[in-house]
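Below: input33.txt (compact mmCIF, C-alpha atoms)
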# COMPACT_ATOMS: atom_id res chain seq x y z
CA MET A 1 10.87 29.81 -63.10
CA ASN A 2 8.45 28.83 -65.85
CA THR A 3 10.57 25.83 -66.69
CA LEU A 4 10.21 24.40 -63.21
CA ALA A 5 6.44 24.74 -63.34
CA ALA A 6 6.43 23.10 -66.77
CA ALA A 7 8.70 20.30 -65.51
CA TRP A 8 6.31 19.76 -62.60
CA ALA A 9 3.41 19.65 -65.03
CA TRP A 10 5.33 17.05 -67.07
CA LEU A 11 5.92 14.93 -63.99
CA THR A 12 2.33 15.09 -62.79
CA SER A 13 0.74 14.25 -66.12
CA ALA A 14 -0.38 10.61 -66.05
CA ALA A 15 0.26 10.13 -69.78
CA HIS A 16 4.04 10.44 -69.22
CA TRP A 17 4.08 7.59 -66.71
CA SER A 18 2.50 4.80 -68.76
CA GLY A 19 3.47 3.06 -71.98
CA PRO A 20 6.81 1.74 -73.27
CA ALA A 21 8.43 5.20 -73.14
CA GLY A 22 6.72 6.07 -69.85
CA VAL A 23 8.42 6.67 -66.52
CA TRP A 24 7.40 3.33 -64.97
CA HIS A 25 8.81 1.34 -67.85
CA ARG A 26 12.06 3.37 -67.89
CA LEU A 27 12.37 3.05 -64.13
CA GLY A 28 11.95 -0.71 -64.46
CA GLU A 29 14.73 -0.84 -67.08
CA HIS A 30 16.98 1.29 -64.91
CA LEU A 31 16.38 -0.86 -61.83
CA TYR A 32 16.88 -4.06 -63.84
CA LEU A 33 20.20 -2.84 -65.29
CA THR A 34 21.41 -1.69 -61.87
CA VAL A 35 20.49 -4.88 -60.01
CA VAL A 36 21.72 -7.34 -62.66
CA CYS A 37 25.02 -5.52 -63.13
CA LEU A 38 25.54 -5.11 -59.38
CA ALA A 39 25.11 -8.87 -58.94
CA LEU A 40 27.43 -9.60 -61.88
CA SER A 41 30.17 -7.23 -60.76
CA CYS A 42 29.99 -8.49 -57.15
CA ALA A 43 30.31 -12.05 -58.46
CA VAL A 44 33.44 -11.03 -60.38
CA ALA A 45 35.12 -8.59 -58.00
CA LEU A 46 34.44 -9.87 -54.48
CA PRO A 47 35.97 -13.37 -54.76
CA VAL A 48 39.10 -11.88 -56.35
CA ALA A 49 39.36 -9.18 -53.67
CA LEU A 50 38.79 -11.62 -50.81
CA VAL A 51 41.42 -14.05 -52.04
CA LEU A 52 43.96 -11.30 -52.84
CA GLY A 53 43.29 -9.66 -49.49
CA HIS A 54 43.64 -12.97 -47.67
CA LEU A 55 46.94 -13.72 -49.41
CA GLY A 56 48.09 -10.11 -49.05
CA ARG A 57 48.99 -9.92 -52.73
CA GLY A 58 48.07 -7.57 -55.55
CA GLY A 59 47.68 -4.45 -53.45
CA ALA A 60 49.02 -2.25 -56.23
CA LEU A 61 46.47 -3.75 -58.61
CA ALA A 62 43.59 -3.04 -56.22
CA VAL A 63 44.60 0.61 -55.85
CA ASN A 64 45.57 1.31 -59.46
CA ILE A 65 42.44 -0.21 -60.90
CA SER A 66 40.28 2.42 -59.24
CA ASN A 67 42.52 5.23 -60.50
CA ALA A 68 42.29 3.80 -63.99
CA GLY A 69 38.52 3.52 -63.68
CA ARG A 70 38.35 7.23 -62.97
CA ALA A 71 40.53 8.28 -65.90
CA VAL A 72 38.57 6.35 -68.54
CA PRO A 73 35.40 8.19 -69.58
CA THR A 74 32.30 6.02 -69.23
CA PHE A 75 30.79 7.58 -72.31
CA ALA A 76 33.82 6.65 -74.42
CA VAL A 77 33.67 3.03 -73.25
CA LEU A 78 29.95 2.84 -74.01
CA VAL A 79 30.45 4.14 -77.54
CA LEU A 80 33.52 1.98 -78.18
CA LEU A 81 31.59 -1.12 -77.11
CA LEU A 82 28.65 -0.07 -79.24
CA LEU A 83 30.88 0.00 -82.34
CA THR A 84 32.37 -3.45 -81.62
CA PRO A 85 30.45 -6.62 -82.51
CA VAL A 86 29.06 -6.59 -78.93
CA GLY A 87 26.96 -3.60 -80.05
CA GLY A 88 24.74 -5.95 -82.00
CA TYR A 89 23.35 -7.53 -78.83
CA GLY A 90 20.87 -4.97 -77.48
CA ASP A 91 21.90 -4.20 -73.91
CA GLY A 92 25.28 -5.93 -74.34
CA PRO A 93 27.50 -2.83 -74.44
CA THR A 94 25.61 -1.23 -71.56
CA ILE A 95 25.89 -4.28 -69.32
CA ILE A 96 29.61 -4.75 -70.03
CA ALA A 97 30.37 -1.07 -69.41
CA LEU A 98 28.30 -1.02 -66.22
CA VAL A 99 30.08 -4.08 -64.84
CA LEU A 100 33.50 -2.69 -65.77
CA PHE A 101 32.87 0.57 -63.92
CA ALA A 102 31.35 -1.12 -60.85
CA ILE A 103 34.30 -3.46 -60.33
CA PRO A 104 36.95 -0.92 -59.15
CA PRO A 105 35.13 0.35 -56.03
CA LEU A 106 34.13 -3.20 -55.07
CA LEU A 107 37.64 -4.54 -55.52
CA THR A 108 39.42 -1.68 -53.78
CA ASN A 109 37.15 -1.47 -50.75
CA ALA A 110 36.98 -5.23 -50.18
CA TYR A 111 40.76 -5.49 -50.50
CA VAL A 112 41.39 -2.60 -48.11
CA GLY A 113 38.84 -4.11 -45.72
CA MET A 114 40.59 -7.48 -45.76
CA ARG A 115 44.02 -5.93 -45.22
CA GLY A 116 42.65 -3.74 -42.45
CA VAL A 117 41.80 -6.71 -40.22
CA ASP A 118 43.84 -6.49 -37.03
CA PRO A 119 46.91 -8.75 -37.51
CA GLU A 120 46.66 -9.73 -33.83
CA VAL A 121 43.23 -11.22 -34.49
CA VAL A 122 44.56 -13.10 -37.51
CA ARG A 123 47.47 -14.46 -35.48
CA ALA A 124 45.13 -15.50 -32.66
CA ALA A 125 42.92 -17.33 -35.16
CA ARG A 126 45.94 -19.12 -36.60
CA GLY A 127 47.06 -19.98 -33.10
CA MET A 128 43.67 -21.61 -32.52
CA GLY A 129 44.52 -23.89 -35.43
CA MET A 130 42.26 -22.35 -38.06
CA THR A 131 43.06 -23.27 -41.65
CA GLY A 132 43.45 -20.56 -44.27
CA ARG A 133 39.95 -21.18 -45.55
CA GLN A 134 38.41 -20.96 -42.06
CA LEU A 135 40.39 -17.82 -41.37
CA LEU A 136 39.09 -16.23 -44.56
CA TRP A 137 35.42 -17.10 -44.01
CA ARG A 138 35.06 -16.91 -40.22
CA VAL A 139 37.45 -14.11 -39.31
CA GLU A 140 38.64 -11.88 -42.12
CA ALA A 141 35.54 -11.64 -44.31
CA PRO A 142 33.14 -10.86 -41.42
CA LEU A 143 35.49 -8.20 -40.06
CA ALA A 144 35.92 -6.67 -43.52
CA LEU A 145 32.16 -6.65 -44.14
CA PRO A 146 31.53 -2.97 -43.33
CA LEU A 147 34.10 -1.86 -45.93
CA ILE A 148 32.89 -4.47 -48.42
CA LEU A 149 29.41 -3.00 -48.07
CA THR A 150 30.80 0.52 -48.53
CA GLY A 151 32.22 -0.73 -51.82
CA VAL A 152 28.84 -2.20 -52.77
CA ARG A 153 27.16 1.13 -51.97
CA ILE A 154 29.62 3.13 -54.09
CA ALA A 155 29.27 0.60 -56.89
CA ALA A 156 25.46 0.79 -56.75
CA VAL A 157 25.43 4.58 -56.94
CA GLN A 158 27.97 4.43 -59.76
CA LEU A 159 25.78 1.90 -61.58
CA VAL A 160 22.75 4.17 -61.36
CA ALA A 161 24.81 7.00 -62.86
CA THR A 162 26.32 4.84 -65.60
CA ALA A 163 22.96 3.29 -66.47
CA THR A 164 21.73 6.85 -67.10
CA LEU A 165 24.48 7.31 -69.68
CA ALA A 166 23.27 4.18 -71.47
CA ALA A 167 20.57 6.43 -72.95
CA LEU A 168 23.27 8.28 -74.93
CA ILE A 169 23.95 5.12 -76.92
CA GLY A 170 20.27 4.29 -77.29
CA GLY A 171 19.97 2.00 -74.26
CA GLY A 172 17.06 1.95 -71.84
CA GLY A 173 16.63 3.49 -68.43
CA LEU A 174 15.56 6.85 -67.06
CA GLY A 175 18.26 8.62 -69.05
CA ARG A 176 16.09 8.11 -72.12
CA ILE A 177 13.61 10.67 -70.80
CA ILE A 178 16.45 13.20 -70.70
CA THR A 179 17.88 12.40 -74.13
CA ALA A 180 14.40 12.38 -75.66
CA GLY A 181 13.85 15.81 -74.10
CA PHE A 182 17.09 17.07 -75.67
CA ASN A 183 16.09 15.69 -79.06
CA LEU A 184 12.70 17.42 -78.83
CA ALA A 185 14.32 20.62 -77.48
CA ASP A 186 11.83 20.17 -74.64
CA THR A 187 13.57 21.71 -71.61
CA PRO A 188 10.77 20.84 -69.14
CA GLN A 189 11.07 17.18 -70.08
CA VAL A 190 14.86 17.29 -69.72
CA VAL A 191 14.50 18.78 -66.24
CA ALA A 192 11.74 16.32 -65.28
CA GLY A 193 13.91 13.39 -66.39
CA ALA A 194 16.90 14.78 -64.51
CA VAL A 195 14.82 15.13 -61.35
CA LEU A 196 13.70 11.50 -61.66
CA VAL A 197 17.28 10.29 -62.15
CA ALA A 198 18.58 12.39 -59.26
CA VAL A 199 15.83 11.20 -56.91
CA PHE A 200 16.45 7.59 -57.91
CA ALA A 201 20.19 7.90 -57.27
CA LEU A 202 19.62 9.58 -53.91
CA LEU A 203 17.10 6.88 -52.93
CA VAL A 204 19.64 4.14 -53.68
CA GLU A 205 22.20 5.98 -51.56
CA ALA A 206 19.60 6.42 -48.79
CA VAL A 207 18.72 2.71 -48.76
CA PHE A 208 22.37 1.79 -48.21
CA GLU A 209 22.74 4.49 -45.59
CA ALA A 210 19.69 3.10 -43.75
CA VAL A 211 21.14 -0.43 -43.87
CA ARG A 212 24.39 0.88 -42.46
CA LYS A 213 22.69 2.82 -39.68
CA PHE A 214 19.92 0.48 -38.63
CA GLY A 215 21.25 -2.88 -39.78
CA PRO A 216 22.49 -5.55 -37.40
CA ARG A 217 25.68 -4.86 -35.53
CA TRP A 218 27.87 -7.06 -37.75
CA VAL A 219 26.90 -4.96 -40.76
CA ARG A 220 27.75 -1.68 -39.09
CA GLY A 221 31.13 -2.84 -37.87
CA GLY A 222 32.49 -2.91 -34.35
CA ALA A 223 32.79 0.86 -34.01
CA GLY A 224 29.14 1.57 -34.90
CA MET B 225 32.93 9.92 -110.55
CA THR B 226 36.19 8.49 -109.28
CA ALA B 227 36.38 5.29 -107.28
CA PRO B 228 36.55 5.84 -103.52
CA PRO B 229 40.10 5.56 -102.17
CA ASP B 230 40.91 2.27 -100.50
CA ASP B 231 42.50 3.59 -97.34
CA CYS B 232 41.82 2.99 -93.65
CA LEU B 233 39.23 5.78 -93.61
CA ALA B 234 37.21 4.10 -96.33
CA ARG B 235 37.53 0.72 -94.61
CA ASN B 236 36.47 2.36 -91.31
CA GLU B 237 39.33 0.87 -89.32
CA TRP B 238 39.83 1.54 -85.61
CA ILE B 239 43.40 2.75 -85.95
CA CYS B 240 43.93 5.08 -88.87
CA GLY B 241 46.90 7.29 -89.61
CA ALA B 242 45.04 9.06 -92.42
CA TYR B 243 42.44 10.16 -89.87
CA LEU B 244 45.10 11.69 -87.65
CA SER B 245 46.69 13.66 -90.46
CA SER B 246 43.52 14.81 -92.23
CA ARG B 247 41.61 15.80 -89.05
CA ARG B 248 44.51 17.32 -87.18
CA THR B 249 42.91 20.74 -86.67
CA ILE B 250 39.57 19.28 -85.55
CA LEU B 251 41.34 17.07 -83.01
CA TRP B 252 43.51 19.90 -81.79
CA ASP B 253 40.49 22.21 -81.33
CA ALA B 254 38.66 19.49 -79.42
CA VAL B 255 41.66 18.91 -77.15
CA LEU B 256 41.94 22.64 -76.49
CA GLU B 257 38.23 22.91 -75.66
CA HIS B 258 38.57 19.88 -73.41
CA LEU B 259 41.49 21.47 -71.57
CA ARG B 260 39.73 24.84 -71.29
CA LEU B 261 36.58 23.31 -69.82
CA THR B 262 38.50 21.13 -67.37
CA PHE B 263 40.87 23.85 -66.28
CA SER B 264 38.20 26.51 -65.69
CA ALA B 265 36.03 24.05 -63.77
CA VAL B 266 38.80 22.82 -61.49
CA LEU B 267 40.12 26.34 -60.88
CA LEU B 268 36.66 27.69 -60.03
CA SER B 269 35.84 24.84 -57.71
CA LEU B 270 39.18 25.29 -55.97
CA LEU B 271 38.32 28.96 -55.40
CA ILE B 272 35.00 27.94 -53.87
CA ALA B 273 36.22 24.86 -51.99
CA VAL B 274 38.97 26.52 -49.94
CA PRO B 275 36.69 29.08 -48.21
CA LEU B 276 33.99 26.42 -47.78
CA ALA B 277 36.43 24.03 -46.11
CA LEU B 278 37.78 26.82 -43.91
CA ALA B 279 34.24 27.81 -42.90
CA ALA B 280 33.32 24.20 -42.22
CA ARG B 281 36.26 23.88 -39.89
CA ARG B 282 35.94 27.30 -38.26
CA TRP B 283 32.28 26.86 -37.35
CA ARG B 284 31.45 23.39 -36.17
CA TRP B 285 27.76 23.72 -37.12
CA ALA B 286 28.69 24.47 -40.72
CA GLY B 287 30.68 21.26 -41.15
CA ALA B 288 27.85 18.74 -41.38
CA PRO B 289 25.63 20.70 -43.82
CA VAL B 290 28.55 21.54 -46.13
CA LEU B 291 29.57 17.88 -46.30
CA ALA B 292 25.96 16.72 -46.69
CA VAL B 293 25.21 19.11 -49.56
CA THR B 294 28.41 18.30 -51.44
CA THR B 295 27.76 14.57 -50.98
CA ILE B 296 24.23 14.92 -52.38
CA LEU B 297 25.62 16.87 -55.36
CA TYR B 298 28.15 14.10 -55.97
CA THR B 299 25.45 11.40 -55.92
CA ILE B 300 23.47 13.01 -58.75
CA PRO B 301 24.45 11.32 -62.04
CA SER B 302 26.37 13.59 -64.42
CA LEU B 303 23.79 13.52 -67.21
CA ALA B 304 21.09 14.58 -64.73
CA MET B 305 23.33 17.29 -63.27
CA PHE B 306 23.95 18.88 -66.66
CA SER B 307 20.23 18.58 -67.45
CA LEU B 308 19.18 20.22 -64.18
CA LEU B 309 21.40 23.20 -65.03
CA LEU B 310 19.85 23.56 -68.49
CA PRO B 311 17.18 26.13 -67.49
CA LEU B 312 19.87 28.24 -65.81
CA TYR B 313 22.57 28.22 -68.46
CA GLY B 314 20.96 27.02 -71.69
CA LEU B 315 23.08 25.15 -74.23
CA SER B 316 26.39 26.72 -73.28
CA ALA B 317 29.92 25.95 -72.15
CA SER B 318 29.06 27.57 -68.80
CA LEU B 319 26.59 24.73 -68.18
CA VAL B 320 29.34 22.14 -68.52
CA VAL B 321 31.73 24.14 -66.35
CA ALA B 322 29.06 24.67 -63.67
CA GLY B 323 28.25 20.96 -63.58
CA LEU B 324 31.92 20.02 -63.28
CA VAL B 325 32.45 22.60 -60.53
CA LEU B 326 29.67 21.02 -58.48
CA TYR B 327 31.31 17.58 -58.81
CA SER B 328 34.84 18.70 -58.03
CA LEU B 329 33.58 20.62 -55.01
CA THR B 330 32.80 17.44 -53.07
CA LEU B 331 36.21 15.92 -53.63
CA LEU B 332 38.06 19.15 -52.86
CA VAL B 333 36.09 20.20 -49.78
CA ARG B 334 36.34 16.72 -48.27
CA ASN B 335 40.07 16.45 -48.82
CA ILE B 336 40.96 19.98 -47.74
CA LEU B 337 38.85 19.57 -44.61
CA ALA B 338 40.48 16.22 -43.85
CA GLY B 339 43.89 17.83 -44.30
CA LEU B 340 43.08 20.75 -42.01
CA ARG B 341 41.62 18.46 -39.36
CA ALA B 342 44.71 16.27 -39.45
CA VAL B 343 46.99 19.15 -38.36
CA PRO B 344 48.16 18.06 -34.89
CA GLU B 345 46.90 20.22 -32.03
CA ASP B 346 50.46 20.32 -30.62
CA THR B 347 51.69 21.95 -33.81
CA ARG B 348 48.97 24.55 -33.59
CA GLN B 349 49.77 25.29 -29.97
CA ALA B 350 53.48 25.52 -30.70
CA ALA B 351 52.77 28.09 -33.42
CA ARG B 352 50.51 30.06 -31.09
CA GLY B 353 53.22 29.91 -28.42
CA MET B 354 55.67 31.39 -30.93
CA GLY B 355 53.29 34.33 -31.24
CA TYR B 356 51.54 33.39 -34.52
CA GLY B 357 48.21 35.16 -34.97
CA PRO B 358 45.23 33.27 -36.45
CA VAL B 359 45.90 34.45 -40.03
CA ARG B 360 49.59 33.64 -39.94
CA LEU B 361 48.83 30.31 -38.25
CA LEU B 362 46.49 29.45 -41.10
CA LEU B 363 48.75 30.60 -43.94
CA ALA B 364 52.12 29.49 -42.63
CA VAL B 365 51.25 26.35 -40.66
CA GLU B 366 47.83 24.86 -41.26
CA LEU B 367 47.40 25.27 -45.02
CA PRO B 368 50.89 23.95 -45.86
CA LEU B 369 50.31 20.94 -43.62
CA ALA B 370 46.93 20.35 -45.30
CA LEU B 371 48.59 20.47 -48.74
CA PRO B 372 49.25 16.73 -49.29
CA ALA B 373 45.60 15.79 -48.62
CA SER B 374 44.32 18.78 -50.61
CA LEU B 375 46.50 17.98 -53.61
CA ALA B 376 45.40 14.35 -53.49
CA GLY B 377 41.83 15.64 -53.74
CA LEU B 378 42.80 17.99 -56.55
CA ARG B 379 44.28 15.10 -58.53
CA ILE B 380 41.14 13.01 -58.18
CA ALA B 381 38.94 16.00 -59.02
CA THR B 382 40.98 16.86 -62.12
CA VAL B 383 41.06 13.31 -63.48
CA SER B 384 37.31 12.94 -62.89
CA ALA B 385 36.64 16.29 -64.56
CA VAL B 386 38.62 15.30 -67.67
CA SER B 387 36.48 12.20 -68.06
CA LEU B 388 33.18 13.98 -67.21
CA VAL B 389 33.72 16.72 -69.81
CA THR B 390 32.82 14.13 -72.45
CA ILE B 391 29.20 14.09 -71.18
CA GLY B 392 29.08 17.77 -72.11
CA ALA B 393 28.61 16.50 -75.68
CA ILE B 394 24.89 16.32 -74.88
CA VAL B 395 24.82 20.14 -75.03
CA GLY B 396 27.47 20.39 -77.74
CA TYR B 397 30.31 21.44 -75.43
CA GLY B 398 32.10 18.21 -74.62
CA GLY B 399 35.59 18.76 -76.03
CA LEU B 400 36.68 15.33 -77.22
CA GLY B 401 33.24 14.07 -76.16
CA ASN B 402 31.78 15.92 -79.16
CA LEU B 403 33.96 13.85 -81.47
CA ILE B 404 32.93 10.64 -79.70
CA TYR B 405 29.26 11.60 -79.97
CA GLU B 406 29.58 12.50 -83.62
CA GLY B 407 31.62 9.35 -84.30
CA MET B 408 28.90 7.26 -82.67
CA ASN B 409 26.19 8.68 -84.91
CA THR B 410 28.26 8.07 -88.05
CA PHE B 411 29.83 4.77 -86.88
CA PHE B 412 33.25 6.38 -87.41
CA LYS B 413 35.51 3.98 -85.51
CA ALA B 414 38.81 5.83 -85.92
CA GLN B 415 37.30 9.05 -84.58
CA VAL B 416 35.77 7.39 -81.50
CA LEU B 417 38.95 5.50 -80.61
CA THR B 418 41.28 8.45 -81.22
CA ALA B 419 39.16 10.83 -79.14
CA SER B 420 38.83 8.27 -76.33
CA VAL B 421 42.56 7.62 -76.22
CA LEU B 422 43.33 11.36 -76.24
CA CYS B 423 40.91 11.81 -73.36
CA VAL B 424 42.66 9.17 -71.24
CA LEU B 425 46.03 10.69 -72.20
CA ILE B 426 44.93 14.13 -70.99
CA ALA B 427 43.81 12.60 -67.70
CA VAL B 428 47.09 10.73 -67.22
CA VAL B 429 49.24 13.75 -68.11
CA ALA B 430 47.22 16.05 -65.83
CA ASP B 431 47.56 13.52 -63.00
CA LEU B 432 51.32 13.25 -63.48
CA LEU B 433 51.72 17.05 -63.62
CA LEU B 434 49.81 17.44 -60.37
CA LEU B 435 51.87 14.62 -58.83
CA GLY B 436 54.99 16.56 -59.80
CA LEU B 437 53.53 19.72 -58.27
CA GLN B 438 52.77 17.79 -55.10
CA ARG B 439 56.36 16.53 -54.87
CA LEU B 440 57.63 20.05 -55.49
CA LEU B 441 55.40 21.73 -52.94
CA THR B 442 55.61 19.13 -50.21
CA PRO B 443 59.18 17.80 -50.20
CA TRP B 444 58.82 16.80 -46.53
CA THR B 445 56.31 14.03 -47.28
CA ARG B 446 58.95 12.25 -49.37
CA ALA B 447 61.70 12.78 -46.84
CA ALA B 448 59.51 11.24 -44.14
CA ARG B 449 58.85 8.16 -46.22
CA ALA B 450 62.44 7.61 -47.29
Step by step, read the file and then write its structure as structure tokens.
Amino acid sequence: MNTLAAAWAWLTSAAHWSGPAGVWHRLGEHLYLTVVCLALSCAVALPVALVLGHLGRGGALAVNISNAGRAVPTFAVLVLLLLTPVGGYGDGPTIIALVLFAIPPLLTNAYVGMRGVDPEVVRAARGMGMTGRQLLWRVEAPLALPLILTGVRIAAVQLVATATLAALIGGGGLGRIITAGFNLADTPQVVAGAVLVAVFALLVEAVFEAVRKFGPRWVRGGAG
Amino acid sequence: MTAPPDDCLARNEWICGAYLSSRRTILWDAVLEHLRLTFSAVLLSLLIAVPLALAARRWRWAGAPVLAVTTILYTIPSLAMFSLLLPLYGLSASLVVAGLVLYSLTLLVRNILAGLRAVPEDTRQAARGMGYGPVRLLLAVELPLALPASLAGLRIATVSAVSLVTIGAIVGYGGLGNLIYEGMNTFFKAQVLTASVLCVLIAVVADLLLLGLQRLLTPWTRAARA
């Protein structure tokens, strides 16, 4: 278990945490990519899912898009984008790929959430004279919120994982520590980088889990 | 020195017939490696997942930890997973297979468990009333009824594995991923696009084959829907 001791030594040496290739800087890049792309993909996917769910149309699209997302390798998309003109714009390929892979879980979960609203409740709301817009905002969207948030959680975890792969095409983020370790044939550094990435991903998952468990009742859903 | 030929390879075009014909063996080898890695990973994880799911159902206390551990494994990004296994396996194909097994495990265990738990208690009691022992109950009643959910999990696991194999390129065992990696470093557009398309094709064909298997093995699910 020499490697583990060496990886621990790598992690606890202050020199590896500072500077432009240091852990703090890479963590900042990773967080930035994750947050920006999560916001972008929510802005794209959620309105579409809410409207489609409200109208009850495009169900096949919502389901098939997540199957397609699984079949297309992230790495291939990253490299393909890198070789297109987009590749000339720094983080461009990474951001586009991240958004593309975050959209399916958001779309599918929000759509399923909207369709899962009790039809009795919808009918009652219509009976009260609510317009379509009121129905969407005051009834369906709030009731679908727990599933929408599940989608956001899956998308966030997926983003953390995809942002790691950005290192393979020379992008930033914690993945760079791993790829640099591979290039140097430095196994302890590879393991140290992997531990950092894994801990970061688990922390993101834990934050969402905490929100779900301890958040206000309307976040947890009626059954919580 | 002769002038370089003016074909799609020289112009570095995305779609290139000359690439397909001149690199046929390389492509074929990559596809075969891709299939080998995927198949061994999915098969191994199936062999591990079935007993795990059975144990998780048999002993209530085992259920939560099994699900928790597999969920944690699934959360770890693929590049990190392969890297964490590096001290154990070195730069080898086993590393890629081991990483894929850990991913597929979550999907399989969850789905098999869901399938087993969905077997109606009445059905179980009816089988017991007909004199079925626990082993026969499991093999002849519970496992067949859990098949649709299990096969759904198997399809997702297989498709995910096909796409994750490409990350194995980081250790030199990525099937078509190797070609993508190499194509990236040399800006070889035709190679990257061809390998990517083949990868998606493998995923789609594998998914359709498993769908066919599902229809074959569980004819009653179709009859019920019709």
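Between CA of Leu159 in chain A and CA of Val320 in chain B there is a distance of 21.7 Å.
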Self-check item: Interface list for chain A, partner chain B, 9 Å threshold, only C-alpha atoms, as an MDAnalysis selection string
Solution: chainID A and resid 1 3:4 67 70:77 79:80 82:84 157:158 160:162 164:165 168:169 175 178:179 182 187:188 190:202 205
Exercise. Find, counting all atoms listed in the file, the residue in B:Arg439, B:Val359, B:Tyr313, B:Ala414 that gets nearest to Leu233 in chain B.
Key: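 Result for the nearest residue to Leu233 in chain B: B:Ala414.
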Practice problem: Would you mind listing what lies within 7 Å of Cys37 in chain A as a ChimeraX atom specification, with only C-alpha atoms counted and same-chain residues fewer than 6 positions away left out? | Solution: /A:95,98-99
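Close contacts of range 122-137 of chain A, defined as residues with an atom at most 12 Å away when counting all atoms listed in the file, with chain neighbours fewer than 5 positions off set aside, comprise Pro47, Ala49, Leu50, Val51, Leu52, Gly53, His54, Leu55, Gly56, Met114, Arg115, Gly116, Val117, Pro142, Leu143, Ala144 and Leu145 of chain A.
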Would you output that residue set with C-alpha atoms, as a CSV table (one decimal), in the frame of the given file?
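part-v3.csv, freshly written:
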chain,number,residue,atom,x,y,z
A,47,PRO,CA,36.0,-13.4,-54.8
A,49,ALA,CA,39.4,-9.2,-53.7
A,50,LEU,CA,38.8,-11.6,-50.8
A,51,VAL,CA,41.4,-14.0,-52.0
A,52,LEU,CA,44.0,-11.3,-52.8
A,53,GLY,CA,43.3,-9.7,-49.5
A,54,HIS,CA,43.6,-13.0,-47.7
A,55,LEU,CA,46.9,-13.7,-49.4
A,56,GLY,CA,48.1,-10.1,-49.0
A,114,MET,CA,40.6,-7.5,-45.8
A,115,ARG,CA,44.0,-5.9,-45.2
A,116,GLY,CA,42.6,-3.7,-42.4
A,117,VAL,CA,41.8,-6.7,-40.2
A,142,PRO,CA,33.1,-10.9,-41.4
A,143,LEU,CA,35.5,-8.2,-40.1
A,144,ALA,CA,35.9,-6.7,-43.5
A,145,LEU,CA,32.2,-6.6,-44.1
Quiz item: So, counting only C-alpha atoms, which residue among A:Thr150, A:Ala45, A:Gly69, A:Ala166 is closest to Leu107 in chain A?
Solution: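 Among A:Thr150, A:Ala45, A:Gly69, A:Ala166, it is A:Ala45 that comes nearest to Leu107 in chain A.
The residue that comes closest to Val365 in chain B, out of B:Leu270, B:Ala288, B:Val333, B:Ala350 and on the basis of all atoms listed in the file, is B:Ala350.
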Self-check item: Atom-to-atom span, CA of Gly88 in chain A and CA of Gly171 in chain A, Å
Solution: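 Straight-line distance from CA of Gly88 in chain A to CA of Gly171 in chain A works out to 12.1 Å.
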Quiz item: Quick one: of B:Leu340, B:Val266, B:Ala234, B:Leu291, who's nearest to Tyr327 in chain B, counting all atoms listed in the file?
Solution: B:Val266
Exercise. Point out the residue among B:Thr445, B:Asn335, B:Ser264, B:Thr294 with the least atom-to-atom distance to Gly377 in chain B, counting only C-alpha atoms.
Key: B:Asn335
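The interatomic distance for the pair CA of Leu326 in chain B and CA of Ala277 in chain B works out to 14.4 Å.
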